[in-house]
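**Q** What follows is a single structure, and I will ask about it in a moment.
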Amino acid sequence: MTFLAPLRAATCALEGLAAEVPPARIHLSPPHLTGGEAAALLAVLDSGWVAPAGPAIAEFEAAVAAATGFPHVLATASGTAALHLAFRVLDIAPGDEVWAPGFTFVATVAPAVQMGAVPRFLDVDPASWTLDPDLLRAELAAAARRGRLPRAVVAVDIYGQAADLDGILAACDRWGVPVVSDSAEGLGASMRGRHAGRGARVAALSFNGNKIVTAGGGGAFAADDPVLVARARHLAHHAKDPAPHYQHSVTGHSYALSSLLAAVGTVQLAALAPRVAARRALFDRYRDALSDLPGISFMPEAPWGTATRWLTAMLVRPDRFGMDREALRQRLDAAGIESRPVWKPLPDQPAFRDAPRAGGAVAAALFAQGLCLPSGNGLAEAEQDRVIAVIRGACLA
């Protein structure tokens, strides 16, 4: 039996090493597969339709239409591409003003700026963190008196919360200003009984890797008007004129989605409803476990709809919690947990330092205090407990 002694010693040594291995890093919102993606990819490969054409594209567009209620959908290479196409079909020209909330990701206005438009940033409503319709209404009236209305207004769905599109549309319709909905973060959210973005002239969706459902990239241009979608489809395929040779009356883009990504996206879209429910449950568990801490509060849910809680976002008041948002983020990072500040307001970004703005105190306060917590659909309860424990420990330290 003496030969067992070295084996036991080696086993104990390995167990000791295993105990010293740190737990796996917890990421903010990693892709989560359903299990059906591989078969869908193989089916596309077997069909030979690998290029951005064929039945997989049509199936994906139909799935997006079914999920959102938009009757006409164009699959695009990204959500940013869909926004660019929206500005193209609205004929944004150099010098035109495009208004948007300052509390958003850069892609909301970047394509318009690259087309020569001038961005103007408006503050958000603290009750929803989305574009403030009352401020928009007042600013539009002032712009009308100046004789310089915006060429378009972009409403933005934030962290899975739909903007108050009805209020925004009412303000813009008075002056004939079209509305684009940046719904890259809004897939699955509802707004007064309809999907986020419905009612806007165009809605842009994203299927980036960190979204609730992903195609590994990709986006969608959605609209009620088939003419707008047809124009966007033409532009997305290099604006090729109908001819046996390559002929172009205008220049377009290579914005079509791969059939491979479309197949993945179609499988993922089938899981949208349970994933929204799971993200909402994660949010509720965070809120229930942390709301008793001084200085901690969570993103409110607007009364006009149901948010997906794509990311759980909370606010940290340093005077009550005992440390600021950035110190807490670093504490989480040291524990192997990824978190991220909420959006830095675009008018405070170097790229937009000279852009006009209206208000901004709400967005600035959100950025100073806001932190997004791990919210992936694959987040295990034990992993969420790790996040909660670090935050509670930071408060009690």
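Residue numbers start at 1 in each chain; chains themselves are named A, B, ... in the order of the structure tokens; ligands are numbered from 1 in the order shown.
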For Ala112 in chain A, please output as a ChimeraX atom specification all residues within 12 Å (counting only C-alpha atoms; exclusion window: fewer than 3 positions along the same chain).
**A** /A:80-100,106-109,115-120,151-154,180
**Q** Based on the backbone DSSP call, show me all residues of range 116-346 of chain A assigned strand (DSSP E), as a count of residues only.
**A** 40
**Q** Pick out the residues sitting within 12 Å of range 320-326 of chain A, and hand them over as a PyMOL selection string; count only C-alpha atoms, and ignore anything fewer than 2 positions along from it in its own chain.
**A** chain A and resi 290-297+313-318+328-333+339-342+365-373+391-397
**Q** Let me make sure I understand: among A:Pro350, A:Pro55, A:Gly188, A:Pro23, which one has the smallest atom-to-atom distance to Pro274 in chain A if we use only C-alpha atoms?
**A** A:Gly188
**Q** Expressed in Å to a single decimal, how great is the separation between CA of Gly216 in chain A and CA of Gln161 in chain A?
**A** 22.3 Å
